[in-house]
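**Student:** To start, I am sharing the structure in question, which I have written as structure tokens.
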Amino acid sequence: IYHTDLQAANRWHRESLELYRSLEENWGTANALAGLGETALQNGRFSDSIACYEESLSLYRALGDPRGIARALTGLGGGLFRVGRLRDGEKRIRETIGLFEALDDRVGITTSQLNLARAFLWQGRYAEVTKLFEVCYPILKDLGLQYDQAYFLCISTLANSHLKMYEKANLQAEELMPLCREIEYPRILNAAFTSLGMAALALNEYSQARDYYQIGVDTMREVGQPDEQAAMTGLLSGAYLKSGDLQLASQTLYEALQVSVDLKAVWAASWTLPWVALFLAESGVFERAVEFYVVATNLPIVANSRWFARVVSEDIMTAAAHLSEEVVTAAEQRGRKQDLWQTAAELLEELSVEAGRTDLKSLTPATL
């Protein structure tokens, strides 16, 4: 039900939480809180998710339930990733590995290593993702854990795309799509469209990239995951930018940037802010483009991505080639000093000057 109807899952967990609290049944309460943590996470309510998982974790620890502790730690790690506390999230995931090793639980160890790969993806440690995949994926297939197989394929295809290993990424995306459809896992299916679109953009196949990303936007809208939808919208804006459609690029960039800022959603921001920088360059605001791309590299997904370097950074530097080395260096230094969220919020505010509506279509060198 998590994968198809988050609202129903949230409602049922709330009802069960009320019941378990009334019975003073701590194990059931911990389970219900963990379930609420998951639905809050998927709905973009990251602080609520973290709070639910922390309370759940406390109850599981008091009960001495190692599997419950591992469940809460895994969810807590996911929430911490979403708000940019990447090392803290990794620490929680590594604790789960230790718990399952103490239990000699092969399934638990392998699925925890999958979550460690997710931690590496968020930190832009793409080569480490692919190494873990080579070790763990055959085990997951042998165990017949289809959901975990799909999730690891999702992580690995994105990592390979960031490493510019497009052929390998596309093969994994093609393996992922029928598996996700079989197990009805639309959120993870989205990773296949992301990866295929990344290759298409790198190969200048802009129409194909737009098609992939539009499917992703529609899928995430239907599932009800705002930060994932914003991430796909940010990528869609990139496809519009690359094909020269600045009007549609501005509209989609605004949508993605607003959600990124409102939720302080690191995932959405990672797929949106680099394209804002490229939009600035395409609008003739070259110094600001250089500066803002450096701000975007505060996000490890961007900073360590060969793909973003290829499809965004190179274009910005080409557009800004007429600037002197001193001007570029000064812009980069300003970017390194700026707070990511404050700068993104200020840019969003700057775009709201005309007609009482925030709209990137009003963006010109004069307004900046």
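Within each chain, counting starts at residue 1; across the structure tokens, chains are named A, B, ... in the order shown, with ligands numbered 1 upward in that order.
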I'd like to know which residues of range 103-347 of chain A are alpha helix (DSSP H) (by DSSP, run on the backbone); could you write them as an MDAnalysis selection string?

**Tutor:** chainID A and resid 106:122 126:143 146:162 166:183 186:202 206:223 226:242 246:263 266:270 273:282 286:296 300:303 306:308 314:319 325:337 340:347

**Student:** Counting only C-alpha atoms, give me one row per residue of range 194-248 of chain A with an atom at most 12 Å from an atom of range 19-41 of chain A, showing the shortest contact pair and its distance in Å to one decimal, sorted by chain then residue number, as JSON lines.

**Tutor:**
{"residue": "A:Val223", "atom": "CA", "partner": "A:Thr39", "partner_atom": "CA", "distance": 11.6}
{"residue": "A:Gly224", "atom": "CA", "partner": "A:Thr39", "partner_atom": "CA", "distance": 10.4}
{"residue": "A:Gln225", "atom": "CA", "partner": "A:Leu41", "partner_atom": "CA", "distance": 8.9}
{"residue": "A:Pro226", "atom": "CA", "partner": "A:Leu41", "partner_atom": "CA", "distance": 10.3}
{"residue": "A:Asp227", "atom": "CA", "partner": "A:Leu41", "partner_atom": "CA", "distance": 9.8}
{"residue": "A:Glu228", "atom": "CA", "partner": "A:Leu41", "partner_atom": "CA", "distance": 11.0}

**Student:** Just to confirm, what's the straight-line distance from CA of Asp88 in chain A to CA of Thr74 in chain A in Å (one decimal)?

**Tutor:** 11.6 Å

**Student:** So which residues touch Met317 in chain A within 12 Å, counting only C-alpha atoms, skipping near sequence neighbours fewer than 2 positions away, as a VMD selection string?

**Tutor:** chain A and resid 277 to 278 280 to 282 286 to 291 293 to 294 309 to 315 319 to 325 328 to 329 331 to 332

**Student:** Which polymer residues have any atom within 9 Å of an atom of Gly78 in chain A, counting only C-alpha atoms, with same-chain residues fewer than 3 positions away left out, as a CSV table (one decimal) with C-alpha atoms, in the first residue's frame?

**Tutor:**
chain,number,residue,atom,x,y,z
A,41,LEU,CA,8.9,10.6,4.6
A,50,ILE,CA,12.3,11.9,11.9
A,73,LEU,CA,17.3,3.1,12.4
A,74,THR,CA,16.8,2.5,8.6
A,75,GLY,CA,13.8,4.8,8.4
A,81,PHE,CA,19.3,11.9,4.2
A,82,ARG,CA,16.3,13.9,3.1
A,89,GLY,CA,22.1,9.0,8.3
A,93,ILE,CA,22.6,2.5,8.6
A,115,ASN,CA,20.8,1.0,2.5
A,118,ARG,CA,21.8,4.5,-0.6
A,119,ALA,CA,23.9,6.5,1.9

**Student:** Using only C-alpha atoms, which of A:Leu171, A:Ala256, A:Leu179, A:Leu348 sits nearest Ala230 in chain A?

**Tutor:** A:Ala256

**Student:** Residues near Gly216 in chain A, anyone? I mean within 6 Å using only C-alpha atoms, not counting same-chain ones fewer than 2 positions away, as JSON, numbers by chain.

**Tutor:** {"A": [190, 213, 214, 218, 219, 232]}

**Student:** What does the structure give for the distance between CA of Tyr126 in chain A and CA of Gln333 in chain A, in Å to one decimal?

**Tutor:**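 Straight-line distance from CA of Tyr126 in chain A to CA of Gln333 in chain A works out to 26.6 Å.
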
**Student:** What lies within 12 Å of Ile215 in chain A using only C-alpha atoms, ignoring chain neighbours under 3 positions off, as a short mmCIF file (atom, residue, chain, number, x, y, z; two decimals) with C-alpha atoms, in the first residue's frame?

**Tutor:**
data_model
loop_
_atom_site.label_atom_id
_atom_site.label_comp_id
_atom_site.auth_asym_id
_atom_site.auth_seq_id
_atom_site.Cartn_x
_atom_site.Cartn_y
_atom_site.Cartn_z
CA PRO A 186 6.14 3.04 -9.28
CA ARG A 187 8.40 5.19 -7.13
CA LEU A 189 10.39 2.76 -11.55
CA ASN A 190 10.98 6.49 -11.64
CA ALA A 191 14.72 5.89 -11.29
CA ALA A 192 14.72 4.09 -14.64
CA PHE A 193 13.21 7.15 -16.33
CA THR A 194 15.71 9.40 -14.53
CA LEU A 196 17.45 6.89 -19.26
CA GLY A 197 16.83 10.63 -19.45
CA GLN A 208 13.59 11.56 -25.71
CA ALA A 209 14.76 13.03 -22.40
CA ARG A 210 11.63 15.19 -22.17
CA ASP A 211 9.44 12.14 -22.71
CA TYR A 212 11.19 10.17 -19.95
CA ASP A 218 3.21 12.27 -13.95
CA THR A 219 4.07 9.09 -12.03
CA MET A 220 5.21 10.96 -8.92
CA ARG A 221 2.19 13.25 -9.03
CA GLU A 222 -0.05 10.20 -9.01
CA GLN A 229 7.97 14.98 -8.30
CA MET A 232 11.68 15.01 -11.95
CA THR A 233 10.31 18.47 -12.73
CA LEU A 235 15.16 17.36 -14.73
CA LEU A 236 12.33 18.14 -17.16
#

**Student:** Please identify all polymer residues within 12 Å of Thr252 in chain A, counting only C-alpha atoms, omitting same-chain residues fewer than 5 positions from it, and present them as a PyMOL selection string.

**Tutor:** chain A and resi 210+213-214+217+229-241+245-247+257-259+272+275-276+279+359-361

**Student:** Emit the selected residues as a short mmCIF file (atom, residue, chain, number, x, y, z; two decimals), in the first residue's frame, including N, CA, C and O atoms.

**Tutor:**
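Ended up saving to result_9.cif:
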data_model
loop_
_atom_site.label_atom_id
_atom_site.label_comp_id
_atom_site.auth_asym_id
_atom_site.auth_seq_id
_atom_site.Cartn_x
_atom_site.Cartn_y
_atom_site.Cartn_z
N ARG A 210 12.88 14.56 -22.62
CA ARG A 210 11.63 15.19 -22.17
C ARG A 210 10.55 14.14 -21.95
O ARG A 210 9.81 14.20 -20.96
N TYR A 213 11.22 12.24 -18.67
CA TYR A 213 11.01 13.03 -17.46
C TYR A 213 9.55 13.39 -17.26
O TYR A 213 9.08 13.48 -16.13
N GLN A 214 8.81 13.59 -18.35
CA GLN A 214 7.39 13.87 -18.21
C GLN A 214 6.66 12.66 -17.61
O GLN A 214 5.77 12.80 -16.77
N VAL A 217 7.40 12.79 -13.92
CA VAL A 217 6.61 13.80 -13.22
C VAL A 217 5.19 13.30 -13.00
O VAL A 217 4.63 13.39 -11.90
N GLN A 229 8.58 14.30 -7.15
CA GLN A 229 7.97 14.98 -8.30
C GLN A 229 8.77 16.23 -8.66
O GLN A 229 9.01 16.51 -9.84
N ALA A 230 9.19 16.98 -7.65
CA ALA A 230 9.98 18.19 -7.91
C ALA A 230 11.32 17.84 -8.55
O ALA A 230 11.80 18.57 -9.43
N ALA A 231 11.93 16.75 -8.12
CA ALA A 231 13.19 16.33 -8.72
C ALA A 231 13.01 16.03 -10.21
O ALA A 231 13.81 16.46 -11.06
N MET A 232 11.95 15.31 -10.54
CA MET A 232 11.68 15.01 -11.95
C MET A 232 11.33 16.27 -12.73
O MET A 232 11.69 16.43 -13.90
N THR A 233 10.64 17.21 -12.08
CA THR A 233 10.31 18.47 -12.73
C THR A 233 11.58 19.28 -13.00
O THR A 233 11.71 19.92 -14.05
N GLY A 234 12.51 19.25 -12.05
CA GLY A 234 13.79 19.91 -12.27
C GLY A 234 14.53 19.33 -13.47
O GLY A 234 15.08 20.06 -14.30
N LEU A 235 14.52 18.01 -13.58
CA LEU A 235 15.16 17.36 -14.73
C LEU A 235 14.43 17.70 -16.03
O LEU A 235 15.07 17.91 -17.08
N LEU A 236 13.10 17.77 -15.97
CA LEU A 236 12.33 18.14 -17.16
C LEU A 236 12.71 19.55 -17.61
O LEU A 236 12.84 19.82 -18.81
N SER A 237 12.92 20.45 -16.66
CA SER A 237 13.34 21.81 -17.01
C SER A 237 14.69 21.78 -17.73
O SER A 237 14.93 22.57 -18.65
N GLY A 238 15.56 20.86 -17.31
CA GLY A 238 16.85 20.73 -17.98
C GLY A 238 16.71 20.31 -19.43
O GLY A 238 17.41 20.80 -20.32
N ALA A 239 15.78 19.39 -19.67
CA ALA A 239 15.54 18.96 -21.05
C ALA A 239 15.00 20.11 -21.89
O ALA A 239 15.37 20.27 -23.06
N TYR A 240 14.11 20.92 -21.30
CA TYR A 240 13.61 22.10 -22.03
C TYR A 240 14.73 23.09 -22.30
O TYR A 240 14.83 23.67 -23.39
N LEU A 241 15.58 23.32 -21.30
CA LEU A 241 16.70 24.23 -21.48
C LEU A 241 17.61 23.78 -22.61
O LEU A 241 18.02 24.57 -23.47
N ASP A 245 13.95 25.73 -25.25
CA ASP A 245 12.61 26.23 -24.91
C ASP A 245 12.68 26.89 -23.52
O ASP A 245 12.37 26.27 -22.50
N LEU A 246 13.06 28.17 -23.50
CA LEU A 246 13.27 28.85 -22.22
C LEU A 246 11.96 29.12 -21.49
O LEU A 246 11.94 29.17 -20.26
N GLN A 247 10.87 29.27 -22.22
CA GLN A 247 9.59 29.53 -21.55
C GLN A 247 9.15 28.32 -20.72
O GLN A 247 8.82 28.45 -19.54
N LEU A 257 11.86 24.53 -8.07
CA LEU A 257 12.61 25.32 -7.10
C LEU A 257 11.75 25.66 -5.89
O LEU A 257 12.23 25.63 -4.75
N GLN A 258 10.48 25.96 -6.12
CA GLN A 258 9.61 26.31 -5.00
C GLN A 258 9.46 25.14 -4.03
O GLN A 258 9.55 25.33 -2.81
N VAL A 259 9.24 23.94 -4.54
CA VAL A 259 9.12 22.77 -3.66
C VAL A 259 10.45 22.51 -2.94
O VAL A 259 10.48 22.23 -1.74
N THR A 272 17.59 20.17 -9.29
CA THR A 272 17.01 21.43 -9.76
C THR A 272 18.02 22.57 -9.81
O THR A 272 18.10 23.30 -10.81
N TRP A 275 20.28 23.35 -12.82
CA TRP A 275 19.57 23.87 -13.99
C TRP A 275 19.20 25.34 -13.82
O TRP A 275 19.12 26.08 -14.80
N VAL A 276 18.98 25.77 -12.58
CA VAL A 276 18.78 27.20 -12.34
C VAL A 276 20.03 27.96 -12.76
O VAL A 276 19.96 29.02 -13.41
N PHE A 279 20.10 28.13 -16.45
CA PHE A 279 19.10 29.09 -16.92
C PHE A 279 19.63 30.52 -16.82
O PHE A 279 19.40 31.36 -17.70
N ASP A 359 7.72 33.94 -11.04
CA ASP A 359 7.74 33.33 -12.36
C ASP A 359 9.11 33.53 -13.01
O ASP A 359 9.54 34.67 -13.18
N LEU A 360 9.76 32.47 -13.32
CA LEU A 360 11.07 32.57 -13.94
C LEU A 360 11.02 33.23 -15.30
O LEU A 360 12.03 33.65 -15.82
N LYS A 361 9.82 33.35 -15.92
CA LYS A 361 9.74 34.00 -17.23
C LYS A 361 10.11 35.48 -17.13
O LYS A 361 10.46 36.10 -18.13
#

**Student:** What is the CA of Glu326 in chain A-CA of Val285 in chain A distance in Å, reported with one decimal?

**Tutor:**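 Distance reported for this atom pair: 16.5 Å.
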
**Student:** Can you work out which one of A:Val83, A:Phe100, A:Ser49, A:Thr157 has the shortest atom-to-atom distance to Trp341 in chain A, counting only C-alpha atoms?

**Tutor:** A:Val83

**Student:** Which residue out of A:Glu18, A:Gly79, A:Ala199, A:Gly98 has the minimum interatomic distance to Arg45 in chain A when only C-alpha atoms are used?

**Tutor:** A:Gly79
